[in-house]
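As provided, run.tsv (TSV, C-alpha atoms) reads as follows.
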chain	number	residue	atom	x	y	z
I	1099	MET	CA	0.00	0.00	0.00
I	1100	GLU	CA	1.45	3.35	-1.06
I	1101	GLN	CA	1.78	5.67	1.91
I	1102	LYS	CA	0.25	9.14	1.59
I	1103	LYS	CA	0.59	11.41	4.60
I	1104	VAL	CA	-2.57	12.89	6.10
I	1105	TYR	CA	-3.45	14.94	9.19
I	1106	LEU	CA	-6.26	14.45	11.70
I	1107	THR	CA	-6.90	17.70	13.60
I	1108	LEU	CA	-9.13	17.77	16.67
I	1109	GLN	CA	-11.32	20.64	17.78
I	1110	ASN	CA	-9.03	21.16	20.80
I	1111	GLY	CA	-6.10	21.83	18.46
I	1112	GLN	CA	-4.34	18.49	18.83
I	1113	SER	CA	-3.10	17.01	15.57
I	1114	PHE	CA	-2.21	13.44	14.58
I	1115	GLN	CA	-0.34	12.32	11.50
I	1116	GLY	CA	-1.36	9.15	9.73
I	1117	TRP	CA	-1.58	7.53	6.31
I	1118	ARG	CA	-4.44	7.45	3.85
I	1119	PHE	CA	-6.44	4.43	2.75
I	1120	GLY	CA	-9.81	4.21	1.06
I	1121	ALA	CA	-11.12	7.30	-0.74
I	1122	VAL	CA	-9.08	10.49	-1.19
I	1123	GLY	CA	-10.23	13.88	0.05
I	1124	ASP	CA	-10.95	15.97	3.15
I	1125	ALA	CA	-13.60	15.21	5.73
I	1126	MET	CA	-15.14	16.88	8.77
I	1127	GLY	CA	-17.34	15.32	11.44
I	1128	GLU	CA	-17.87	14.48	15.08
I	1129	LEU	CA	-15.03	12.25	16.28
I	1130	VAL	CA	-16.27	9.25	18.28
I	1131	PHE	CA	-14.90	5.84	19.19
I	1132	SER	CA	-16.38	2.37	18.82
I	1133	THR	CA	-15.20	-0.56	20.96
I	1134	GLY	CA	-16.32	-3.48	18.79
I	1135	MET	CA	-13.68	-6.12	18.05
I	1136	VAL	CA	-15.56	-7.29	14.95
I	1137	GLY	CA	-18.46	-6.00	12.89
I	1138	TYR	CA	-16.75	-3.20	11.00
I	1139	MET	CA	-18.99	-3.71	7.97
I	1140	GLU	CA	-22.03	-3.22	10.18
I	1141	ASN	CA	-20.43	-0.20	11.83
I	1142	LEU	CA	-19.57	1.51	8.55
I	1143	THR	CA	-23.11	1.10	7.23
I	1144	ASP	CA	-25.10	1.86	10.39
I	1145	PRO	CA	-27.19	4.99	9.64
I	1146	ALA	CA	-26.64	6.07	13.26
I	1147	ASN	CA	-23.07	7.00	12.25
I	1148	TYR	CA	-24.19	9.79	9.96
I	1149	GLY	CA	-21.92	12.82	10.38
I	1150	GLN	CA	-19.37	10.98	12.48
I	1151	ILE	CA	-15.69	10.16	12.09
I	1152	VAL	CA	-15.40	6.76	13.75
I	1153	VAL	CA	-12.28	5.58	15.58
I	1154	GLN	CA	-12.01	1.81	16.04
I	1155	THR	CA	-10.40	0.97	19.39
I	1156	PHE	CA	-9.51	-2.58	18.30
I	1157	PRO	CA	-6.01	-2.27	16.79
I	1158	LEU	CA	-6.37	-4.41	13.63
I	1159	ILE	CA	-9.26	-3.86	11.24
I	1160	GLY	CA	-10.08	-5.52	7.91
I	1161	ASN	CA	-8.78	-9.03	8.58
I	1162	TYR	CA	-11.84	-10.68	7.02
I	1163	GLY	CA	-12.18	-8.19	4.17
I	1164	ALA	CA	-15.39	-6.62	2.89
I	1165	ILE	CA	-18.58	-8.70	2.94
I	1166	ARG	CA	-21.58	-6.87	1.50
I	1167	ALA	CA	-24.01	-9.42	2.90
I	1168	ASP	CA	-23.21	-8.01	6.36
I	1169	VAL	CA	-24.08	-4.38	5.64
I	1170	GLU	CA	-26.82	-2.65	7.65
I	1171	SER	CA	-27.99	-0.34	4.86
I	1172	ASP	CA	-27.40	0.41	1.20
I	1173	LYS	CA	-24.37	2.65	1.79
I	1174	ALA	CA	-21.59	3.56	4.22
I	1175	TRP	CA	-22.66	6.45	6.46
I	1176	VAL	CA	-19.48	7.36	8.36
I	1177	SER	CA	-17.84	10.66	7.45
I	1178	ALA	CA	-14.43	8.98	7.79
I	1179	TYR	CA	-12.84	5.93	9.37
I	1180	ILE	CA	-9.74	5.76	11.59
I	1181	VAL	CA	-7.82	2.61	12.54
I	1182	ARG	CA	-4.49	1.73	14.09
I	1183	GLU	CA	-3.60	-0.90	11.51
I	1184	ILE	CA	-5.34	-1.97	8.32
I	1185	CYS	CA	-5.01	-5.61	7.25
I	1186	ASP	CA	-3.36	-5.80	3.80
I	1187	ASN	CA	-3.94	-9.54	3.36
I	1188	PRO	CA	-7.45	-10.38	4.58
I	1189	SER	CA	-8.68	-13.97	4.50
I	1190	ASN	CA	-12.21	-15.28	4.81
I	1191	PHE	CA	-14.30	-17.64	2.71
I	1192	ARG	CA	-17.07	-15.00	2.50
I	1193	MET	CA	-14.75	-12.14	1.55
I	1194	GLU	CA	-15.51	-10.26	-1.67
I	1195	ALA	CA	-12.72	-7.65	-1.59
I	1196	PRO	CA	-10.24	-5.99	0.78
I	1197	LEU	CA	-11.79	-3.37	3.06
I	1198	GLU	CA	-9.88	-0.57	1.30
I	1199	THR	CA	-11.54	-1.46	-2.01
I	1200	TYR	CA	-14.95	-1.20	-0.38
I	1201	LEU	CA	-14.12	2.19	1.17
I	1202	LYS	CA	-12.98	3.52	-2.21
I	1203	GLU	CA	-16.21	2.34	-3.82
I	1204	GLU	CA	-18.25	4.00	-1.06
I	1205	GLY	CA	-16.23	7.22	-1.06
I	1206	VAL	CA	-15.17	6.82	2.57
I	1207	ILE	CA	-11.87	8.41	3.62
I	1208	GLY	CA	-9.74	6.26	5.90
I	1209	ILE	CA	-6.64	6.84	8.03
I	1210	TYR	CA	-4.33	4.21	9.46
I	1211	GLY	CA	-1.16	4.45	11.49
I	1212	VAL	CA	-2.77	6.70	14.11
I	1213	ASP	CA	-2.44	6.02	17.84
I	1214	THR	CA	-6.10	5.11	18.36
I	1215	ARG	CA	-5.45	4.31	22.02
I	1216	GLN	CA	-4.38	7.90	22.63
I	1217	LEU	CA	-7.29	9.23	20.58
I	1218	THR	CA	-9.72	7.21	22.69
I	1219	LYS	CA	-8.17	8.49	25.91
I	1220	ILE	CA	-8.63	12.07	24.71
I	1221	LEU	CA	-12.29	11.46	23.83
I	1222	ARG	CA	-12.98	9.74	27.16
I	1223	GLU	CA	-11.41	12.59	29.13
I	1224	GLU	CA	-12.58	15.58	27.09
I	1225	GLY	CA	-15.64	14.13	25.37
I	1226	ALA	CA	-16.61	13.63	21.74
I	1227	MET	CA	-15.44	16.55	19.62
I	1228	ASN	CA	-15.23	17.71	16.03
I	1229	ALA	CA	-12.30	16.71	13.83
I	1230	ARG	CA	-11.09	17.26	10.30
I	1231	ILE	CA	-8.96	15.21	7.94
I	1232	SER	CA	-6.71	17.16	5.57
I	1233	ASP	CA	-3.48	16.91	3.59
I	1234	GLU	CA	-1.99	19.87	5.47
I	1235	PRO	CA	-2.19	21.12	9.05
I	1236	LEU	CA	-5.16	23.44	9.64
I	1237	THR	CA	-4.87	27.20	9.73
I	1238	GLU	CA	-6.35	29.24	12.60
I	1239	THR	CA	-9.36	30.12	10.42
I	1240	GLU	CA	-9.95	26.46	9.54
I	1241	LEU	CA	-9.64	25.47	13.21
I	1242	LYS	CA	-12.32	28.00	14.16
I	1243	ALA	CA	-14.63	26.67	11.44
I	1244	LEU	CA	-14.06	23.18	12.82
I	1245	ALA	CA	-15.17	24.28	16.30
I	1246	ASP	CA	-18.40	25.69	14.81
I	1247	TYR	CA	-19.33	22.47	12.98
I	1248	THR	CA	-22.55	20.70	14.05
I	1249	VAL	CA	-24.20	17.55	12.74
I	1250	LYS	CA	-27.66	18.63	11.55
I	1251	GLY	CA	-30.49	17.16	9.51
I	1252	ALA	CA	-29.54	13.57	10.29
I	1253	LEU	CA	-33.10	12.22	10.32
I	1254	ASN	CA	-33.90	13.55	6.84
I	1255	ALA	CA	-30.55	12.28	5.56
I	1256	VAL	CA	-30.83	8.65	6.69
I	1257	ALA	CA	-34.55	7.86	6.97
I	1258	PRO	CA	-36.28	6.28	3.95
I	1259	THR	CA	-38.96	8.30	2.24
I	1260	VAL	CA	-41.05	5.45	0.78
I	1261	LYS	CA	-43.14	2.66	2.25
I	1262	GLY	CA	-41.69	-0.87	2.26
I	1263	TYR	CA	-43.08	-4.37	2.83
I	1264	PHE	CA	-41.13	-7.24	4.37
I	1265	GLU	CA	-42.94	-10.55	4.72
I	1266	ALA	CA	-42.09	-13.26	7.24
I	1267	LYS	CA	-42.56	-16.99	6.89
I	1268	ASN	CA	-45.52	-18.22	8.93
I	1269	ALA	CA	-46.22	-14.71	10.18
I	1270	THR	CA	-48.42	-14.36	13.27
I	1271	ASN	CA	-48.75	-10.57	13.33
I	1272	THR	CA	-48.17	-7.51	11.20
I	1273	LEU	CA	-46.17	-4.61	12.59
I	1274	VAL	CA	-45.54	-1.06	11.45
I	1275	LEU	CA	-41.89	-0.06	11.56
I	1276	TRP	CA	-41.73	3.71	11.95
I	1277	ASN	CA	-38.44	3.89	10.10
I	1278	LEU	CA	-36.11	6.61	11.40
I	1279	GLY	CA	-33.09	4.97	9.77
I	1280	ALA	CA	-33.48	1.33	10.76
I	1281	LYS	CA	-30.69	-1.18	10.25
I	1282	ASN	CA	-31.29	-4.13	7.94
I	1283	SER	CA	-30.85	-6.47	10.90
I	1284	THR	CA	-33.77	-4.83	12.73
I	1285	ILE	CA	-36.15	-5.76	9.93
I	1286	GLN	CA	-34.60	-9.23	9.56
I	1287	ASN	CA	-34.94	-9.93	13.27
I	1288	LEU	CA	-38.58	-8.83	13.32
I	1289	ASN	CA	-39.23	-11.16	10.37
I	1290	ASN	CA	-37.40	-13.96	12.19
I	1291	GLN	CA	-39.71	-13.43	15.18
I	1292	GLY	CA	-42.67	-14.12	12.89
I	1293	TYR	CA	-43.81	-10.59	12.09
I	1294	ASN	CA	-44.70	-9.10	8.74
I	1295	VAL	CA	-43.22	-5.60	8.64
I	1296	ILE	CA	-44.63	-2.49	6.98
I	1297	SER	CA	-41.84	0.10	6.91
I	1298	MET	CA	-43.17	3.66	7.03
I	1299	PRO	CA	-41.18	6.87	6.41
I	1300	ALA	CA	-40.07	8.97	9.38
I	1301	ALA	CA	-42.25	11.83	8.09
I	1302	SER	CA	-45.43	9.74	8.40
I	1303	THR	CA	-48.24	11.17	10.50
I	1304	ALA	CA	-49.85	9.38	13.42
I	1305	GLU	CA	-53.03	9.08	11.37
I	1306	GLU	CA	-51.14	7.31	8.57
I	1307	ILE	CA	-49.50	4.94	11.04
I	1308	LEU	CA	-52.73	4.07	12.85
I	1309	ALA	CA	-54.71	3.74	9.59
I	1310	LEU	CA	-52.69	0.62	8.75
I	1311	ASN	CA	-54.43	-1.23	11.63
I	1312	ALA	CA	-51.29	-3.17	12.45
I	1313	ASP	CA	-50.94	-5.20	15.64
I	1314	GLY	CA	-48.18	-2.97	16.95
I	1315	VAL	CA	-45.72	-0.20	16.12
I	1316	VAL	CA	-41.93	-0.45	16.35
I	1317	ILE	CA	-40.09	2.89	16.31
I	1318	SER	CA	-36.61	2.29	15.00
I	1319	ASP	CA	-33.13	3.54	15.71
I	1320	GLY	CA	-31.64	6.36	13.64
I	1321	ALA	CA	-29.13	9.19	13.66
I	1322	GLY	CA	-28.57	12.63	15.08
I	1323	ASN	CA	-29.89	14.81	17.88
I	1324	PRO	CA	-33.43	13.67	18.76
I	1325	THR	CA	-34.48	17.11	20.03
I	1326	GLU	CA	-34.26	18.46	16.46
I	1327	ASN	CA	-37.16	16.28	15.34
I	1328	THR	CA	-40.03	18.29	16.79
I	1329	ALA	CA	-42.59	17.25	14.16
I	1330	LEU	CA	-41.79	13.56	14.69
I	1331	ILE	CA	-42.02	13.91	18.48
I	1332	ALA	CA	-45.49	15.44	18.16
I	1333	GLU	CA	-46.70	12.60	15.91
I	1334	VAL	CA	-45.25	9.88	18.16
I	1335	LYS	CA	-47.10	11.39	21.12
I	1336	LYS	CA	-50.40	10.93	19.25
I	1337	VAL	CA	-49.72	7.20	18.78
I	1338	MET	CA	-48.82	6.41	22.39
I	1339	GLY	CA	-51.62	4.54	24.14
I	1340	LYS	CA	-53.46	3.81	20.89
I	1341	VAL	CA	-51.46	0.71	19.92
I	1342	PRO	CA	-48.64	-1.38	21.49
I	1343	VAL	CA	-45.28	0.34	20.94
I	1344	MET	CA	-41.71	-0.92	21.12
I	1345	ALA	CA	-39.00	1.68	20.43
I	1346	ILE	CA	-35.27	1.21	19.89
I	1347	GLY	CA	-32.34	3.65	20.05
I	1348	LEU	CA	-33.42	6.97	18.56
I	1349	GLY	CA	-36.99	5.69	18.89
I	1350	HIS	CA	-36.43	5.25	22.65
I	1351	LEU	CA	-35.22	8.85	22.93
I	1352	THR	CA	-38.08	10.15	20.78
I	1353	VAL	CA	-40.75	8.44	22.88
I	1354	ALA	CA	-39.19	9.84	26.06
I	1355	LEU	CA	-39.34	13.36	24.61
I	1356	ALA	CA	-42.94	12.80	23.53
I	1357	MET	CA	-43.78	11.74	27.08
I	1358	GLY	CA	-42.29	14.91	28.57
I	1359	ALA	CA	-38.82	13.70	29.59
I	1360	LYS	CA	-35.54	15.43	28.77
I	1361	VAL	CA	-32.66	14.17	26.65
I	1362	ALA	CA	-29.00	15.14	27.08
I	1363	LYS	CA	-25.86	14.64	25.02
I	1364	GLN	CA	-23.47	12.13	26.57
I	1365	LYS	CA	-19.82	12.92	27.11
I	1366	TYR	CA	-18.60	10.31	24.62
I	1367	GLY	CA	-21.56	8.01	23.99
I	1368	HIS	CA	-21.96	4.25	23.95
I	1369	ARG	CA	-20.71	2.62	20.75
I	1370	GLY	CA	-19.82	-1.04	20.32
I	1371	GLY	CA	-21.06	-4.57	20.89
I	1372	ASN	CA	-19.96	-4.87	24.51
I	1373	GLN	CA	-22.03	-2.41	26.57
I	1374	PRO	CA	-23.31	-3.91	29.87
I	1375	VAL	CA	-26.92	-3.14	30.78
I	1376	LYS	CA	-28.72	-4.21	33.95
I	1377	SER	CA	-32.39	-5.15	34.16
I	1378	LEU	CA	-33.91	-3.52	37.24
I	1379	ALA	CA	-36.67	-6.15	37.30
I	1380	ASP	CA	-34.41	-9.10	38.12
I	1381	GLY	CA	-30.86	-7.72	38.38
I	1382	ARG	CA	-29.59	-9.65	35.37
I	1383	VAL	CA	-26.84	-8.04	33.30
I	1384	TYR	CA	-26.77	-8.33	29.51
I	1385	ILE	CA	-23.96	-7.44	27.12
I	1386	SER	CA	-25.61	-5.23	24.52
I	1387	ALA	CA	-24.86	-3.64	21.17
I	1388	GLN	CA	-25.30	0.14	21.09
I	1389	ASN	CA	-24.51	3.14	18.93
I	1390	HIS	CA	-25.67	6.47	20.36
I	1391	GLY	CA	-24.47	9.75	21.82
I	1392	PHE	CA	-27.59	10.89	23.71
I	1393	GLU	CA	-29.44	9.61	26.78
I	1394	VAL	CA	-32.72	10.14	28.58
I	1395	VAL	CA	-32.20	12.21	31.74
I	1396	SER	CA	-33.35	9.71	34.37
I	1397	ASP	CA	-34.80	12.15	36.89
I	1398	SER	CA	-36.80	14.00	34.20
I	1399	LEU	CA	-39.29	11.17	33.59
I	1400	GLN	CA	-42.91	12.30	33.90
I	1401	GLN	CA	-44.37	8.99	32.73
I	1402	GLY	CA	-43.08	5.44	32.75
I	1403	GLU	CA	-40.42	3.76	34.84
I	1404	ILE	CA	-36.78	2.94	34.11
I	1405	SER	CA	-36.30	-0.73	33.23
I	1406	PHE	CA	-32.59	-0.91	32.29
I	1407	ILE	CA	-29.51	1.06	33.31
I	1408	ASN	CA	-25.96	1.09	31.95
I	1409	VAL	CA	-23.64	-0.70	34.36
I	1410	ASN	CA	-20.69	1.57	33.53
I	1411	ASP	CA	-22.27	4.97	34.09
I	1412	GLY	CA	-25.76	4.34	35.48
I	1413	SER	CA	-27.50	6.07	32.56
I	1414	CYS	CA	-31.01	5.14	31.45
I	1415	GLU	CA	-31.09	2.28	28.94
I	1416	GLY	CA	-34.78	1.40	28.91
I	1417	ILE	CA	-38.20	2.64	30.00
I	1418	ASP	CA	-41.48	0.77	30.55
I	1419	TYR	CA	-44.82	2.52	29.98
I	1420	PRO	CA	-47.26	-0.10	31.35
I	1421	ALA	CA	-50.27	2.22	31.26
I	1422	LEU	CA	-49.65	2.77	27.54
I	1423	ASN	CA	-48.76	-0.84	26.66
I	1424	ALA	CA	-45.33	0.30	25.50
I	1425	PHE	CA	-41.64	-0.10	26.29
I	1426	THR	CA	-38.41	1.33	24.89
I	1427	VAL	CA	-34.73	0.38	25.00
I	1428	GLN	CA	-31.57	2.23	24.01
I	1429	PHE	CA	-29.92	-0.98	22.73
I	1430	VAL	CA	-30.89	-3.61	20.15
I	1431	PRO	CA	-33.44	-6.13	21.51
I	1432	GLU	CA	-31.32	-9.07	20.34
I	1433	SER	CA	-28.81	-8.19	23.07
I	1434	CYS	CA	-31.16	-9.78	25.60
I	1435	GLY	CA	-30.82	-13.45	24.75
I	1436	ILE	CA	-28.94	-13.51	21.45
I	1437	GLY	CA	-28.32	-17.12	20.47
I	1438	HIS	CA	-31.14	-18.36	22.74
I	1439	PRO	CA	-34.59	-19.52	21.62
I	1440	GLU	CA	-36.30	-17.30	24.20
I	1441	ASN	CA	-35.53	-13.59	24.02
I	1442	VAL	CA	-36.53	-11.52	27.06
I	1443	LEU	CA	-37.59	-8.41	25.16
I	1444	TYR	CA	-39.30	-10.18	22.28
I	1445	ASN	CA	-41.22	-12.33	24.76
I	1446	LYS	CA	-42.28	-9.12	26.49
I	1447	TRP	CA	-43.38	-7.70	23.14
I	1448	LYS	CA	-45.39	-10.82	22.28
I	1449	ALA	CA	-47.13	-10.63	25.66
I	1450	MET	CA	-48.09	-7.01	24.97
I	1451	LEU	CA	-49.61	-7.94	21.61
I	1452	VAL	CA	-51.59	-10.75	23.24
I	1453	LYS	CA	-52.83	-8.33	25.92
I	1454	GLU	CA	-53.91	-5.87	23.24
I	1455	ASN	CA	-55.80	-8.56	21.33
I	1456	GLU	CA	-57.57	-9.75	24.48
I	1457	ASN	CA	-58.71	-6.22	25.26
I	1458	ALA	CA	-59.78	-5.45	21.70
This structure in structure tokens:
Amino acid sequence: MEQKKVYLTLQNGQSFQGWRFGAVGDAMGELVFSTGMVGYMENLTDPANYGQIVVQTFPLIGNYGAIRADVESDKAWVSAYIVREICDNPSNFRMEAPLETYLKEEGVIGIYGVDTRQLTKILREEGAMNARISDEPLTETELKALADYTVKGALNAVAPTVKGYFEAKNATNTLVLWNLGAKNSTIQNLNNQGYNVISMPAASTAEEILALNADGVVISDGAGNPTENTALIAEVKKVMGKVPVMAIGLGHLTVALAMGAKVAKQKYGHRGGNQPVKSLADGRVYISAQNHGFEVVSDSLQQGEISFINVNDGSCEGIDYPALNAFTVQFVPESCGIGHPENVLYNKWKAMLVKENENA
């Protein structure tokens, strides 16, 4: 691999030198770190990474190449990608191309040879911050522009604008997926649980959602600052209590806002497949997959009760709304019982649908 020098400049003025791989060009975004040891294809294509420059904490990335069957959407969403070492000779029977080839095709700028351990320490101590990738060190004017950068319009950028249908084998129920930028795996897992899925655009009204007469509504994960989405919050509020609701990630935050709670930006977020969450119902701890930078302010709840907390920092990871036949989680439901025939959260969801049918 030909080495081409590149600079990563942080909002606080610190600069790192590395080497280019993937696409060529400059990039600006919010610098965050992800702790997953595997799953880089999923990470690159997760719509929740819109506007973000992602640092992988695991030191070697790309060892199994690029596998398009593992993508979470139809494109890579990261603004740029930073690794300690890129694997030049990947090997896997499913591999289609080296990771660098995929990044070039997707137009994603990459840097390797950077001390990602030091970068992560900076982000943990000072918090997520803006960063820019450039061929030359930044001028004072460029550094000021970097400090003023904000990720905006994420929902409109990542959420689909058309309705979609996804049928399951031997389906028992039909669900509406209020699609704020859902991952492919979310739809696949709902199908695997025996649900037909009607995917509706984020801009759908409550009337449009309820008119489908589905058995329940799932509000998906997505990207960006949830407080920006005032129209969505108002529509979600109209649905609550009318039909069973399960919300994930951005959906969890949106429901909380609709129910009068507050949301705050986290210092450096939770990103990776190894985030411990504790169920307050039975004390069990699950290792969950997460990708978010905001949290519900626990003491701001006006309705509902906290069901899960993060073991590391005590932040809210789930809320139950029993009076509304709804619950929300900040992490993917598969985290609770992945690999097991009985999944705690999906069993809870099935029980809610049964309750709704009995009361109909």
So, with only C-alpha atoms as the atoms that count, which of I:Leu1273, I:Ala1167, I:Val1394, I:Leu1142 lies closest to Trp1447 (chain I)?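 Looking only at the distances to Trp1447 (chain I), the closest residue turns out to be I:Leu1273.
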In terms of the shortest atom-to-atom distance over all atoms listed in the file, which of I:Val1375, I:Val1442, I:Val1341, I:Ala1245 is closest to Ile1407 (chain I)?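 Closest residue, counting all atoms listed in the file: I:Val1375.
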So which one's closest to Ala1321 (chain I), I:Ala1300, I:Ile1285, I:Leu1244, I:Ala1146? Using all atoms listed in the file, please.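 Among the listed residues, I:Ala1146 lies closest to Ala1321 (chain I).
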Between I:Tyr1148, I:Leu1443, I:Pro1374, I:Phe1429, which is the closest to Val1409 (chain I) once you count only C-alpha atoms? I:Pro1374
Which polymer residues have any atom within 12 Å of an atom of Val1104 (chain I), counting all atoms listed in the file, with same-chain residues fewer than 4 positions away left out, as a PDB file with C-alpha atoms, in the coordinates of the input?
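Writing done, so here's out-v9.pdb:
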ATOM      1  CA  SER I1113      -3.100  17.010  15.570  1.00  0.00           C
ATOM      2  CA  PHE I1114      -2.210  13.440  14.580  1.00  0.00           C
ATOM      3  CA  GLN I1115      -0.340  12.320  11.500  1.00  0.00           C
ATOM      4  CA  GLY I1116      -1.360   9.150   9.730  1.00  0.00           C
ATOM      5  CA  TRP I1117      -1.580   7.530   6.310  1.00  0.00           C
ATOM      6  CA  ARG I1118      -4.440   7.450   3.850  1.00  0.00           C
ATOM      7  CA  PHE I1119      -6.440   4.430   2.750  1.00  0.00           C
ATOM      8  CA  VAL I1122      -9.080  10.490  -1.190  1.00  0.00           C
ATOM      9  CA  GLY I1123     -10.230  13.880   0.050  1.00  0.00           C
ATOM     10  CA  ASP I1124     -10.950  15.970   3.150  1.00  0.00           C
ATOM     11  CA  ALA I1125     -13.600  15.210   5.730  1.00  0.00           C
ATOM     12  CA  ILE I1180      -9.740   5.760  11.590  1.00  0.00           C
ATOM     13  CA  ILE I1207     -11.870   8.410   3.620  1.00  0.00           C
ATOM     14  CA  GLY I1208      -9.740   6.260   5.900  1.00  0.00           C
ATOM     15  CA  ILE I1209      -6.640   6.840   8.030  1.00  0.00           C
ATOM     16  CA  TYR I1210      -4.330   4.210   9.460  1.00  0.00           C
ATOM     17  CA  GLY I1211      -1.160   4.450  11.490  1.00  0.00           C
ATOM     18  CA  VAL I1212      -2.770   6.700  14.110  1.00  0.00           C
ATOM     19  CA  ARG I1230     -11.090  17.260  10.300  1.00  0.00           C
ATOM     20  CA  ILE I1231      -8.960  15.210   7.940  1.00  0.00           C
ATOM     21  CA  SER I1232      -6.710  17.160   5.570  1.00  0.00           C
ATOM     22  CA  ASP I1233      -3.480  16.910   3.590  1.00  0.00           C
ATOM     23  CA  GLU I1234      -1.990  19.870   5.470  1.00  0.00           C
ATOM     24  CA  PRO I1235      -2.190  21.120   9.050  1.00  0.00           C
ATOM     25  CA  LEU I1236      -5.160  23.440   9.640  1.00  0.00           C
TER      26      LEU I1236
END
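CA of Ser1283 (chain I) to CA of Asp1144 (chain I) spans 10.1 Å [interatomic distance, one decimal].
In this structure, CA of Glu1432 (chain I) sits 25.4 Å away from CA of Asn1161 (chain I).
Going from CA of Ser1386 (chain I) over to CA of Gln1373 (chain I), you cover 5.0 Å.
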Go through region 1338-1457 of chain I and flag each residue having an atom no more than 8 Å from region 1306-1318 of chain I; for those, report the closest pair of atoms plus their distance in Å to one decimal, using only C-alpha atoms, ordered by chain and rising number, as CSV.
residue,atom,partner,partner_atom,distance
I:Val1341,CA,I:Gly1314,CA,5.8
I:Pro1342,CA,I:Gly1314,CA,4.8
I:Val1343,CA,I:Val1315,CA,4.9
I:Met1344,CA,I:Val1316,CA,4.8
I:Ala1345,CA,I:Ile1317,CA,4.4
I:Ile1346,CA,I:Ser1318,CA,5.2
I:Gly1347,CA,I:Ser1318,CA,6.8
I:Leu1348,CA,I:Ser1318,CA,6.7
I:Gly1349,CA,I:Ile1317,CA,4.9
I:His1350,CA,I:Ile1317,CA,7.7
I:Leu1451,CA,I:Asp1313,CA,6.7
Can you list, as an NGL selection string, every protein, DNA or RNA residue that comes within 10 Å of Glu1305 (chain I) when you count all atoms listed in the file, leaving out same-chain residues fewer than 5 positions away? :I and (1310 or 1333 or 1336-1337)
Nearest to Pro1196 (chain I): which of I:Val1353, I:Val1256, I:Met1126, I:Ile1165 is it, counting all atoms listed in the file? I:Ile1165
Would you please work out which residue, of I:Asn1423, I:Ser1398, I:Thr1272, I:Thr1107, is nearest to Glu1240 (chain I) when using only C-alpha atoms?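 Selected residue with least distance to Glu1240 (chain I): I:Thr1107.
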